[in-house]
Structures are given as C-alpha cells and as structure tokens.
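Engineer: Input file: target_26.txt. Contents: compact mmCIF, C-alpha atoms and all ligand atoms.
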```
# COMPACT_ATOMS: atom_id res chain seq x y z
CA MET A 1 11.88 34.55 3.90
CA SER A 2 12.10 32.00 6.69
CA GLU A 3 14.89 29.45 6.91
CA PRO A 4 13.93 26.05 5.49
CA LEU A 5 13.91 22.88 7.57
CA LYS A 6 16.84 20.81 6.32
CA PHE A 7 17.53 17.08 6.47
CA HIS A 8 20.48 15.08 5.18
CA PHE A 9 20.61 11.36 4.38
CA PRO A 10 23.62 9.39 3.19
CA VAL A 11 22.78 6.74 0.57
CA SER A 12 25.11 3.76 0.37
CA GLY A 13 25.88 2.27 -3.01
CA GLY A 14 25.24 -1.28 -4.13
CA ASP A 15 23.21 -2.12 -1.03
CA PHE A 16 20.02 -3.53 -2.50
CA THR A 17 18.65 -4.89 0.75
CA SER A 18 18.12 -1.46 2.25
CA ALA A 19 17.59 0.48 -0.96
CA GLY A 20 14.84 3.04 -0.49
CA LYS A 21 15.57 3.47 3.20
CA ALA A 22 16.07 7.25 3.04
CA SER A 23 12.79 7.64 1.13
CA VAL A 24 10.88 5.60 3.71
CA GLN A 25 12.39 7.78 6.46
CA VAL A 26 11.45 10.96 4.60
CA LYS A 27 7.89 9.79 4.15
CA LYS A 28 7.54 9.26 7.91
CA LEU A 29 9.08 12.62 8.60
CA LEU A 30 6.75 14.47 6.23
CA ARG A 31 3.78 12.75 7.82
CA GLN A 32 4.86 13.93 11.25
CA LEU A 33 5.22 17.45 9.87
CA GLY A 34 1.62 17.34 8.64
CA ILE A 35 2.44 17.71 4.93
CA SER A 36 -0.51 16.88 2.65
CA PRO A 37 -0.86 13.23 1.51
CA ASP A 38 -0.61 14.24 -2.14
CA ALA A 39 2.69 16.09 -1.63
CA ILE A 40 4.03 13.19 0.45
CA ARG A 41 3.12 10.74 -2.30
CA ARG A 42 4.92 12.80 -4.93
CA VAL A 43 8.03 13.35 -2.81
CA ALA A 44 8.10 9.63 -1.92
CA ILE A 45 7.96 8.51 -5.56
CA ALA A 46 10.49 11.03 -6.83
CA MET A 47 12.93 10.54 -4.00
CA TYR A 48 12.72 6.75 -4.15
CA GLU A 49 13.55 6.70 -7.86
CA GLY A 50 16.45 9.09 -7.36
CA GLU A 51 17.74 7.18 -4.37
CA ILE A 52 17.60 3.86 -6.22
CA ASN A 53 19.39 5.40 -9.20
CA MET A 54 22.25 6.46 -6.93
CA VAL A 55 22.42 2.96 -5.42
CA ILE A 56 22.35 1.21 -8.80
CA HIS A 57 24.11 3.54 -11.19
CA ALA A 58 26.40 5.72 -9.06
CA ASN A 59 27.61 3.63 -6.12
CA GLY A 60 25.66 5.76 -3.65
CA GLY A 61 25.52 9.45 -2.83
CA SER A 62 23.50 11.70 -0.59
CA ALA A 63 19.96 13.01 -0.37
CA ASP A 64 19.08 16.43 1.00
CA LEU A 65 15.62 17.62 1.76
CA GLU A 66 14.68 21.27 2.28
CA ILE A 67 11.20 22.14 3.43
CA TYR A 68 9.95 25.63 2.66
CA PRO A 69 6.48 26.98 3.49
CA ASP A 70 5.18 26.38 -0.03
CA TYR A 71 7.46 23.74 -1.53
CA ILE A 72 9.86 20.90 -0.82
CA LYS A 73 13.25 20.71 -2.50
CA ILE A 74 14.99 17.36 -2.96
CA ILE A 75 18.67 17.31 -3.91
CA LEU A 76 20.26 14.00 -4.85
CA ALA A 77 23.99 14.21 -5.40
CA ASP A 78 26.49 11.55 -6.35
CA THR A 79 30.04 11.24 -7.62
CA GLY A 80 29.21 8.37 -9.97
CA PRO A 81 29.86 7.97 -13.71
CA GLY A 82 27.52 10.78 -14.82
CA ILE A 83 24.88 10.59 -17.57
CA PRO A 84 26.33 10.97 -21.10
CA ASN A 85 23.01 11.75 -22.80
CA ILE A 86 20.26 13.22 -20.62
CA ASP A 87 17.59 13.23 -23.36
CA LEU A 88 18.14 9.53 -23.93
CA ALA A 89 18.18 8.75 -20.20
CA MET A 90 14.87 10.61 -19.76
CA GLN A 91 13.12 8.40 -22.33
CA GLU A 92 10.69 5.83 -20.95
CA GLY A 93 12.27 2.40 -21.29
CA PHE A 94 15.90 3.50 -21.60
CA SER A 95 18.08 1.70 -19.10
CA THR A 96 21.68 0.63 -18.74
CA ALA A 97 20.93 -1.54 -15.69
CA PRO A 98 22.82 -4.86 -15.85
CA ASP A 99 21.01 -8.22 -15.81
CA ASN A 100 21.62 -9.02 -12.14
CA ILE A 101 19.89 -5.76 -11.21
CA ARG A 102 17.05 -6.28 -13.67
CA SER A 103 16.31 -9.61 -12.05
CA LEU A 104 15.48 -7.68 -8.86
CA GLY A 105 12.79 -5.71 -10.69
CA PHE A 106 14.82 -2.62 -11.53
CA GLY A 107 15.78 -1.45 -15.01
CA ALA A 108 12.40 -0.62 -16.54
CA GLY A 109 13.79 2.75 -17.55
CA MET A 110 10.91 4.44 -15.76
CA GLY A 111 12.70 6.05 -12.82
CA LEU A 112 13.69 9.39 -14.34
CA PRO A 113 10.32 9.71 -16.18
CA ASN A 114 8.54 9.08 -12.85
CA MET A 115 10.66 11.76 -11.18
CA LYS A 116 9.76 14.24 -13.90
CA ARG A 117 6.08 13.34 -13.86
CA TYR A 118 5.56 13.60 -10.12
CA THR A 119 7.50 16.78 -9.42
CA ASP A 120 6.80 20.39 -10.35
CA ASP A 121 10.35 21.02 -11.45
CA MET A 122 13.38 18.83 -12.08
CA LYS A 123 16.91 19.71 -13.08
CA ILE A 124 19.80 17.36 -13.85
CA ASP A 125 23.39 18.56 -13.58
CA THR A 126 25.76 15.89 -14.73
CA GLU A 127 29.28 15.45 -16.00
CA VAL A 128 30.72 12.21 -17.26
CA GLY A 129 33.32 10.91 -14.84
CA VAL A 130 32.43 13.51 -12.21
CA GLY A 131 28.90 12.83 -11.01
CA THR A 132 25.25 13.75 -11.13
CA THR A 133 23.07 16.08 -9.10
CA VAL A 134 19.31 15.94 -9.51
CA THR A 135 17.33 18.80 -7.98
CA MET A 136 13.56 18.47 -7.73
CA ARG A 137 10.81 20.67 -6.41
CA VAL A 138 7.40 19.60 -5.18
CA ASN A 139 4.89 22.36 -4.42
CA ILE A 140 3.06 21.88 -1.16
CA ALA A 141 0.18 24.31 -1.44
CA MET B 1 -14.33 -4.30 -0.68
CA GLN B 2 -12.48 -4.82 2.61
CA LEU B 3 -9.12 -6.59 2.40
CA THR B 4 -10.16 -9.33 4.86
CA LYS B 5 -13.22 -10.15 2.71
CA ILE B 6 -11.00 -10.46 -0.37
CA ILE B 7 -8.56 -12.73 1.48
CA GLU B 8 -11.43 -15.00 2.47
CA ALA B 9 -13.14 -15.05 -0.92
CA MET B 10 -9.93 -15.67 -2.87
CA GLU B 11 -8.56 -18.11 -0.27
CA LEU B 12 -5.28 -16.25 0.05
CA GLU B 13 -2.47 -17.33 2.32
CA VAL B 14 -1.58 -14.55 4.79
CA LEU B 15 2.20 -14.53 5.26
CA THR B 16 2.29 -11.66 7.73
CA SER B 17 -0.91 -10.32 9.25
CA VAL B 18 -3.54 -7.78 8.36
CA THR B 19 -2.67 -4.85 10.58
CA GLU B 20 -5.26 -2.63 8.98
CA ASP B 21 -8.34 -3.90 7.18
CA ARG B 22 -8.11 -1.44 4.31
CA GLU B 23 -10.63 -0.98 1.57
CA VAL B 24 -9.45 -2.28 -1.81
CA LEU B 25 -10.84 -0.54 -4.89
CA GLY B 26 -8.76 -2.17 -7.60
CA GLY B 27 -5.59 -3.97 -8.47
CA TYR B 28 -2.29 -3.48 -10.25
CA THR B 29 -0.09 -6.21 -11.62
CA GLY B 30 3.55 -5.97 -12.63
CA ASP B 31 7.02 -7.02 -11.61
CA LEU B 32 9.04 -3.98 -12.65
CA LEU B 33 9.30 -1.77 -9.60
CA SER B 34 9.35 1.62 -11.32
CA TRP B 35 6.15 0.81 -13.19
CA VAL B 36 4.41 -0.09 -9.97
CA MET B 37 5.87 2.95 -8.24
CA GLY B 38 4.59 5.26 -10.96
CA ARG B 39 1.26 3.69 -11.81
CA ALA B 40 -0.22 1.88 -8.80
CA GLU B 41 -2.62 3.80 -6.57
CA SER B 42 -2.85 3.52 -2.82
CA GLU B 43 -6.12 1.55 -2.76
CA MET B 44 -4.88 -1.11 -5.16
CA LEU B 45 -3.90 -4.67 -4.36
CA TRP B 46 -0.50 -5.32 -6.00
CA ILE B 47 -0.22 -8.72 -7.67
CA THR B 48 3.33 -9.81 -8.53
CA ILE B 49 5.75 -12.72 -8.75
CA MET B 50 8.61 -10.53 -7.54
CA THR B 51 9.60 -11.59 -4.04
CA ASN B 52 12.85 -9.84 -3.15
CA VAL B 53 13.05 -7.30 -0.33
CA ASN B 54 12.69 -4.31 -2.68
CA ILE B 55 8.95 -4.94 -3.06
CA LEU B 56 8.55 -3.75 0.54
CA ALA B 57 9.82 -0.22 -0.05
CA VAL B 58 7.45 0.13 -3.01
CA ALA B 59 4.46 -1.18 -1.02
CA SER B 60 5.28 1.10 1.87
CA LEU B 61 6.02 4.23 -0.15
CA ARG B 62 2.85 3.82 -2.22
CA ASP B 63 0.71 2.89 0.80
CA LEU B 64 -0.56 -0.24 -0.90
CA PRO B 65 -3.11 -2.19 1.17
CA ALA B 66 -1.29 -5.49 0.48
CA VAL B 67 1.10 -7.33 -1.84
CA LEU B 68 -0.23 -10.56 -3.32
CA ILE B 69 2.46 -13.00 -4.47
CA ALA B 70 1.23 -15.13 -7.38
CA GLU B 71 2.29 -18.63 -8.53
CA ALA B 72 3.18 -19.59 -4.93
CA ALA B 73 6.55 -17.91 -5.46
CA GLU B 74 9.01 -18.54 -2.62
CA LEU B 75 9.89 -15.72 -0.21
CA ASP B 76 12.93 -15.50 2.04
CA GLU B 77 12.16 -15.56 5.75
CA ALA B 78 14.06 -12.27 6.01
CA VAL B 79 11.60 -10.60 3.62
CA ILE B 80 8.61 -11.84 5.60
CA ALA B 81 10.24 -10.69 8.85
CA LYS B 82 10.91 -7.25 7.45
CA ALA B 83 7.34 -6.99 6.16
CA LYS B 84 6.03 -7.78 9.63
CA GLU B 85 8.29 -5.15 11.13
CA GLN B 86 7.02 -2.56 8.65
CA GLU B 87 3.40 -3.72 9.01
CA ILE B 88 3.08 -4.56 5.32
CA THR B 89 0.53 -7.23 4.50
CA LEU B 90 1.98 -10.03 2.34
CA LEU B 91 -0.41 -12.51 0.76
CA ARG B 92 0.19 -15.51 -1.46
CA SER B 93 -1.68 -17.80 -3.83
CA PRO B 94 -0.73 -20.71 -6.12
CA LYS B 95 -2.73 -19.13 -8.95
CA SER B 96 -1.27 -17.09 -11.78
CA ALA B 97 -1.32 -13.29 -11.79
CA TYR B 98 -3.87 -13.45 -14.60
CA ALA B 99 -6.21 -15.78 -12.70
CA LEU B 100 -5.90 -13.60 -9.59
CA CYS B 101 -6.73 -10.44 -11.58
CA VAL B 102 -9.81 -12.13 -13.05
CA GLU B 103 -11.00 -13.21 -9.59
CA LEU B 104 -10.36 -9.81 -8.04
CA GLY B 105 -12.08 -8.12 -10.94
CA LYS B 106 -15.21 -10.27 -10.44
CA LEU B 107 -15.23 -9.58 -6.71
CA LEU B 108 -14.97 -5.83 -7.22
CA ALA B 109 -17.39 -5.64 -10.14
N1 LIG A 201 22.62 8.97 -10.75
C1 LIG A 201 22.91 8.43 -11.95
N2 LIG A 201 24.21 8.27 -12.32
C2 LIG A 201 24.53 7.73 -13.53
N3 LIG A 201 23.62 7.31 -14.43
C3 LIG A 201 22.31 7.44 -14.11
C4 LIG A 201 21.89 8.00 -12.86
N4 LIG A 201 20.53 8.03 -12.85
C5 LIG A 201 20.14 7.50 -14.02
N5 LIG A 201 21.19 7.15 -14.79
C6 LIG A 201 21.16 6.59 -16.16
O1 LIG A 201 19.89 6.87 -16.74
C7 LIG A 201 19.24 5.63 -17.11
C8 LIG A 201 17.74 5.78 -16.94
O2 LIG A 201 17.42 5.94 -15.56
P1 LIG A 201 15.98 5.49 -15.04
O3 LIG A 201 15.91 5.70 -13.58
O4 LIG A 201 14.94 6.17 -15.87
O5 LIG A 201 15.91 3.93 -15.39
P2 LIG A 201 16.66 2.72 -14.66
O6 LIG A 201 17.21 3.17 -13.36
O7 LIG A 201 17.61 2.13 -15.61
O8 LIG A 201 15.44 1.72 -14.44
P3 LIG A 201 14.24 1.89 -13.36
O9 LIG A 201 14.40 3.23 -12.71
O10 LIG A 201 12.98 1.79 -14.16
O11 LIG A 201 14.40 0.77 -12.40
C9 LIG A 201 19.88 4.58 -16.25
O12 LIG A 201 19.77 3.29 -16.78
C10 LIG A 201 21.33 5.09 -16.20
O13 LIG A 201 22.01 4.76 -17.39
MG MG A 202 16.01 4.20 -12.04
```
In structure tokens, what does this structure look like?

Structural biologist:
Amino acid sequence: MSEPLKFHFPVSGGDFTSAGKASVQVKKLLRQLGISPDAIRRVAIAMYEGEINMVIHANGGSADLEIYPDYIKIILADTGPGIPNIDLAMQEGFSTAPDNIRSLGFGAGMGLPNMKRYTDDMKIDTEVGVGTTVTMRVNIA
Amino acid sequence: MQLTKIIEAMELEVLTSVTEDREVLGGYTGDLLSWVMGRAESEMLWITIMTNVNILAVASLRDLPAVLIAEAAELDEAVIAKAKEQEITLLRSPKSAYALCVELGKLLA
C-alpha cells in the first residue's frame, strides 16, 4: 500500500468572516490533483459542514486530509464541548446554535445530515467536555 | 439559458462582474446555508436575502453560477470586494425571492 498524500489545516474558532477557508483551499487542491468533480463536490460539502461546526460549536480545531488511490479521508478534530447525544445531533433540524449565529444563516440543523449523506462513511467520536473527532471517507473511484 | 441573457431579461444589477458566462438550468432559493449547501446544484442560480460573507464560501464550494440578492438587500463593501477576488458573480434585484423565482421559471420554461 502506498503512502497517502497528507494535508493539515488549522481551523480558528469563532471567526465567521473566514469560515470555510480550509474547505475552499481543499477544493482547489483536489482540482489540481485531478480528482473527479463528483468526489470534489462531496468532499467540499462534507468538509465545509464539519469545518463550520468546529468554528461555531467547538471554538475551532483542525482538519486533516489524507488522499489514497481509491478514497479520501477527512478527519476533523476539536477539543470543544463534545456532543451529548449523537442520535439527536444527527437529526435533520436539530441545532443548538445561538440566535446571533442563526442570523448569519447557520443553525438549520442540516450540517451533520449533509456530512452523512455526501460521504461513503462517517464516524463520530465524542466525549462531553473533551472534544469531538469526525472521520469521513469519500470514495474516489 | 446563459447567465448574461438572464441578467438582461430580468434586469438584474451586477455587483461584481460575470467572469464566466455559465449556463443556468434552474434555481434554488433559501437563506439557511446548510440547506443550500446540501440541496443546490452547480447549474442553479441561488436566490437569497442573506448577504453576509458566508454566502461566498457556499457559492464557491457548490460552484454556483451566481448569487442573486433579492429585495435589494444591502451588502457590505467588504463582501462585494471578496466576491470579486474569488470571481463569484453577485447580482441584485429589488423584487422578492418569490417574484424572481417566477420570472426565472418563465425564462427557463
Ligand atoms: N464539533 C462539534 N462540537 C460540539 N457540538 C457539535 C459539533 N458539531 C455539531 N455539534 C452539535 O450538533 C448539532 C447539530 O449539528 P449540525 O451541523 O447538524 O447543525 P448546526 O450546526 O446546528 O446547523 P447547520 O449545520 O445547519 O448550520 C449542533 O447544533 C451542535 O449542538
Ligand atoms: Mg452545522
């Protein structure tokens, strides 16, 4: 098995003016690497939602991208408050986003469902008071 | 229909410029970013009253041909500047999102 191509992006918390920056960078990068438009679209959606969640709910974190010959792995890790009830958080429409954030267009409770829908595999490791790591896989071929 | 034709027919204000005269096959309207992110398709014109900078990441990540701001909603200069930098086409109209959808629908029918 060949070594994956790896990329690391810090994501700063509470910065709504540049939120989504890492995802925009990743999209450019995948284009340069000649990844198929469909895979790029799915990575872009999933990573954006995860990145925004870290900005809004976890005061930032980091995004890691690993590119294998047949799939792309996205790892979003934060040391935020954690998710007390994953089943509830995964439901369309569930959101704990405060009003000031909702007024910016966030808080539809569609981020996690989008991540699930557009990836081939998604795993959430979370502990209240410790943090959350979301690992997603998008098949390329 | 080509974006420039739509701009002309619907008398839309162009806040940035049309860097690429893309073909528009439909539209999507909504102000909640995750809905747009998950449901819009890349050949759709996005009609919204949301004007903060976060609309740009959505437009760019979903490859939308343009964002059409309804109800003549005000935009910060900084948002327009950033859109220019990222070559995202921002359009505006005094009409409501509903009226704009009806017009676009007729044009594309
Ligand atoms: N990284 C995270 N850390 C802590 N809580 C999180 C994290 N990601 C999601 N959550 C919790 O899960 C809920 C649902 O997340 P989801 O992304 O689906 O919706 P949202 O972020 O509230 O709104 P939207 O994504 O539609 O703008 C959030 O409101 C929050 O309570
Ligand atoms: Mg979210």

Engineer: Residues of chain A that approach ligand LIG 201 (chain A) to 9 Å or less, counting only C-alpha atoms and all ligand atoms: could you list each one with the shortest pair of atoms and its distance in Å to one decimal, rows by chain and increasing residue number, as JSON lines?

Structural biologist:
```
{"residue": "A:Glu49", "atom": "CA", "partner": "A:LIG201", "partner_atom": "O9", "distance": 6.0}
{"residue": "A:Gly50", "atom": "CA", "partner": "A:LIG201", "partner_atom": "N4", "distance": 6.9}
{"residue": "A:Glu51", "atom": "CA", "partner": "A:LIG201", "partner_atom": "N1", "distance": 8.2}
{"residue": "A:Ile52", "atom": "CA", "partner": "A:LIG201", "partner_atom": "O6", "distance": 7.2}
{"residue": "A:Asn53", "atom": "CA", "partner": "A:LIG201", "partner_atom": "N4", "distance": 4.6}
{"residue": "A:Met54", "atom": "CA", "partner": "A:LIG201", "partner_atom": "N1", "distance": 4.6}
{"residue": "A:Val55", "atom": "CA", "partner": "A:LIG201", "partner_atom": "N1", "distance": 8.0}
{"residue": "A:Ile56", "atom": "CA", "partner": "A:LIG201", "partner_atom": "O6", "distance": 7.1}
{"residue": "A:His57", "atom": "CA", "partner": "A:LIG201", "partner_atom": "C2", "distance": 4.8}
{"residue": "A:Ala58", "atom": "CA", "partner": "A:LIG201", "partner_atom": "N2", "distance": 4.7}
{"residue": "A:Asn59", "atom": "CA", "partner": "A:LIG201", "partner_atom": "N2", "distance": 8.5}
{"residue": "A:Gly60", "atom": "CA", "partner": "A:LIG201", "partner_atom": "N1", "distance": 8.4}
{"residue": "A:Gly61", "atom": "CA", "partner": "A:LIG201", "partner_atom": "N1", "distance": 8.4}
{"residue": "A:Leu76", "atom": "CA", "partner": "A:LIG201", "partner_atom": "N1", "distance": 8.1}
{"residue": "A:Ala77", "atom": "CA", "partner": "A:LIG201", "partner_atom": "N1", "distance": 7.6}
{"residue": "A:Asp78", "atom": "CA", "partner": "A:LIG201", "partner_atom": "N1", "distance": 6.4}
{"residue": "A:Thr79", "atom": "CA", "partner": "A:LIG201", "partner_atom": "N2", "distance": 8.1}
{"residue": "A:Gly80", "atom": "CA", "partner": "A:LIG201", "partner_atom": "N2", "distance": 5.5}
{"residue": "A:Pro81", "atom": "CA", "partner": "A:LIG201", "partner_atom": "C2", "distance": 5.3}
{"residue": "A:Gly82", "atom": "CA", "partner": "A:LIG201", "partner_atom": "C2", "distance": 4.5}
{"residue": "A:Ile83", "atom": "CA", "partner": "A:LIG201", "partner_atom": "N3", "distance": 4.7}
{"residue": "A:Pro84", "atom": "CA", "partner": "A:LIG201", "partner_atom": "N3", "distance": 8.1}
{"residue": "A:Asn85", "atom": "CA", "partner": "A:LIG201", "partner_atom": "O1", "distance": 8.4}
{"residue": "A:Ile86", "atom": "CA", "partner": "A:LIG201", "partner_atom": "O1", "distance": 7.5}
{"residue": "A:Leu88", "atom": "CA", "partner": "A:LIG201", "partner_atom": "O1", "distance": 7.9}
{"residue": "A:Ala89", "atom": "CA", "partner": "A:LIG201", "partner_atom": "O1", "distance": 4.3}
{"residue": "A:Met90", "atom": "CA", "partner": "A:LIG201", "partner_atom": "O4", "distance": 5.9}
{"residue": "A:Gln91", "atom": "CA", "partner": "A:LIG201", "partner_atom": "O4", "distance": 7.1}
{"residue": "A:Glu92", "atom": "CA", "partner": "A:LIG201", "partner_atom": "O4", "distance": 6.6}
{"residue": "A:Gly93", "atom": "CA", "partner": "A:LIG201", "partner_atom": "O5", "distance": 7.1}
{"residue": "A:Phe94", "atom": "CA", "partner": "A:LIG201", "partner_atom": "C8", "distance": 5.5}
{"residue": "A:Ser95", "atom": "CA", "partner": "A:LIG201", "partner_atom": "O12", "distance": 3.3}
{"residue": "A:Thr96", "atom": "CA", "partner": "A:LIG201", "partner_atom": "O12", "distance": 3.8}
{"residue": "A:Ala97", "atom": "CA", "partner": "A:LIG201", "partner_atom": "O7", "distance": 4.9}
{"residue": "A:Pro98", "atom": "CA", "partner": "A:LIG201", "partner_atom": "O7", "distance": 8.7}
{"residue": "A:Ile101", "atom": "CA", "partner": "A:LIG201", "partner_atom": "O11", "distance": 8.6}
{"residue": "A:Arg102", "atom": "CA", "partner": "A:LIG201", "partner_atom": "O11", "distance": 7.6}
{"residue": "A:Gly105", "atom": "CA", "partner": "A:LIG201", "partner_atom": "O11", "distance": 6.9}
{"residue": "A:Phe106", "atom": "CA", "partner": "A:LIG201", "partner_atom": "O11", "distance": 3.5}
{"residue": "A:Gly107", "atom": "CA", "partner": "A:LIG201", "partner_atom": "O8", "distance": 3.2}
{"residue": "A:Ala108", "atom": "CA", "partner": "A:LIG201", "partner_atom": "O10", "distance": 3.4}
{"residue": "A:Gly109", "atom": "CA", "partner": "A:LIG201", "partner_atom": "O5", "distance": 3.2}
{"residue": "A:Met110", "atom": "CA", "partner": "A:LIG201", "partner_atom": "O10", "distance": 3.7}
{"residue": "A:Gly111", "atom": "CA", "partner": "A:LIG201", "partner_atom": "O9", "distance": 3.3}
{"residue": "A:Leu112", "atom": "CA", "partner": "A:LIG201", "partner_atom": "O4", "distance": 3.8}
{"residue": "A:Pro113", "atom": "CA", "partner": "A:LIG201", "partner_atom": "O4", "distance": 5.8}
{"residue": "A:Asn114", "atom": "CA", "partner": "A:LIG201", "partner_atom": "O4", "distance": 7.7}
{"residue": "A:Met115", "atom": "CA", "partner": "A:LIG201", "partner_atom": "O3", "distance": 8.4}
{"residue": "A:Thr126", "atom": "CA", "partner": "A:LIG201", "partner_atom": "N2", "distance": 8.1}
{"residue": "A:Val128", "atom": "CA", "partner": "A:LIG201", "partner_atom": "C2", "distance": 8.5}
{"residue": "A:Gly131", "atom": "CA", "partner": "A:LIG201", "partner_atom": "N2", "distance": 6.7}
{"residue": "A:Thr132", "atom": "CA", "partner": "A:LIG201", "partner_atom": "N1", "distance": 5.5}
{"residue": "A:Thr133", "atom": "CA", "partner": "A:LIG201", "partner_atom": "N1", "distance": 7.3}
{"residue": "A:Val134", "atom": "CA", "partner": "A:LIG201", "partner_atom": "N1", "distance": 7.8}
```

Engineer: Take CA of Val26 (chain A) and CA of Asn54 (chain B) and report the distance between them in Å, one decimal.

Structural biologist: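 Those two atoms sit 17.0 Å apart.
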
Engineer: Just want the 10 Å neighbourhood of Asp76 (chain B), counted on all atoms listed in the file, with same-chain residues fewer than 5 positions away dropped. Output as an MDAnalysis selection string.

Structural biologist: chainID B and resid 51:53 81

Engineer: My list of candidates is A:Ala22, A:Ile45, A:Ala63, A:Ile72. Which is closest to ligand MG 202 (chain A) when distances are computed with only C-alpha atoms and all ligand atoms?

Structural biologist: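 Among the listed residues, A:Ile45 lies closest to ligand MG 202 (chain A).
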
Engineer: Can you work out which one of B:Val36, B:Ala109, B:Met44, B:Ile6 has the shortest atom-to-atom distance to chain A, counting only C-alpha atoms?

Structural biologist: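 With only C-alpha atoms as the atom set, the closest residue is B:Val36.
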
Engineer: Would you be able to write out as number ranges by chain which residues have an atom within 12 Å of (13.9, 0.6, 4.3) in the file's coordinates, counting all atoms listed in the file?

Structural biologist: A: 11, 15-28, 48, 51-52; B: 53-61, 79, 82-83, 85-86

Engineer: Would you put the residues from that selection into a file with C-alpha atoms, as a compact mmCIF listing (two decimals), in the coordinates of the input?

Structural biologist:
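Wrote part-v8.txt, looks like this:
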```txt
# COMPACT_ATOMS: atom_id res chain seq x y z
CA VAL A 11 22.78 6.74 0.57
CA ASP A 15 23.21 -2.12 -1.03
CA PHE A 16 20.02 -3.53 -2.50
CA THR A 17 18.65 -4.89 0.75
CA SER A 18 18.12 -1.46 2.25
CA ALA A 19 17.59 0.48 -0.96
CA GLY A 20 14.84 3.04 -0.49
CA LYS A 21 15.57 3.47 3.20
CA ALA A 22 16.07 7.25 3.04
CA SER A 23 12.79 7.64 1.13
CA VAL A 24 10.88 5.60 3.71
CA GLN A 25 12.39 7.78 6.46
CA VAL A 26 11.45 10.96 4.60
CA LYS A 27 7.89 9.79 4.15
CA LYS A 28 7.54 9.26 7.91
CA TYR A 48 12.72 6.75 -4.15
CA GLU A 51 17.74 7.18 -4.37
CA ILE A 52 17.60 3.86 -6.22
CA VAL B 53 13.05 -7.30 -0.33
CA ASN B 54 12.69 -4.31 -2.68
CA ILE B 55 8.95 -4.94 -3.06
CA LEU B 56 8.55 -3.75 0.54
CA ALA B 57 9.82 -0.22 -0.05
CA VAL B 58 7.45 0.13 -3.01
CA ALA B 59 4.46 -1.18 -1.02
CA SER B 60 5.28 1.10 1.87
CA LEU B 61 6.02 4.23 -0.15
CA VAL B 79 11.60 -10.60 3.62
CA LYS B 82 10.91 -7.25 7.45
CA ALA B 83 7.34 -6.99 6.16
CA GLU B 85 8.29 -5.15 11.13
CA GLN B 86 7.02 -2.56 8.65
```

Engineer: If I take CA of Met122 (chain A) and CA of Val138 (chain A), how far is one from the other in Å, to one decimal?

Structural biologist: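 Straight-line distance from CA of Met122 (chain A) to CA of Val138 (chain A) works out to 9.2 Å.
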
Engineer: In Å, rounded to a single decimal, give me how far CA of Asp31 (chain B) is from CA of Ala44 (chain A).

Structural biologist: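 Separation of CA of Ala44 (chain A) and CA of Asp31 (chain B): 19.3 Å.
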
Engineer: Would you mind listing what lies within 8 Å of Thr119 (chain A) as a PyMOL selection string, with all atoms listed in the file counted and same-chain residues fewer than 5 positions away left out?

Structural biologist: chain A and resi 42-43+46+136-139

Engineer: Go through chain B and flag each residue having an atom no more than 12 Å from ligand MG 202 (chain A); for those, report the closest pair of atoms plus their distance in Å to one decimal, using only C-alpha atoms and all ligand atoms, ordered by chain and rising number, as a Markdown table.

Structural biologist:
```
| residue | atom | partner | partner_atom | distance |
| --- | --- | --- | --- | --- |
| B:Leu32 | CA | A:MG202 | MG | 10.8 |
| B:Leu33 | CA | A:MG202 | MG | 9.3 |
| B:Ser34 | CA | A:MG202 | MG | 7.2 |
| B:Trp35 | CA | A:MG202 | MG | 10.5 |
| B:Met37 | CA | A:MG202 | MG | 10.9 |
| B:Gly38 | CA | A:MG202 | MG | 11.5 |
```

Engineer: Go through B:Met50, B:Leu75, B:Leu25, B:Leu90 one by one, measure the shortest atom-to-atom distance of each to chain A using all atoms listed in the file, and give the residue with the smallest value.

Structural biologist: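 Among the listed residues, B:Met50 lies closest to chain A.
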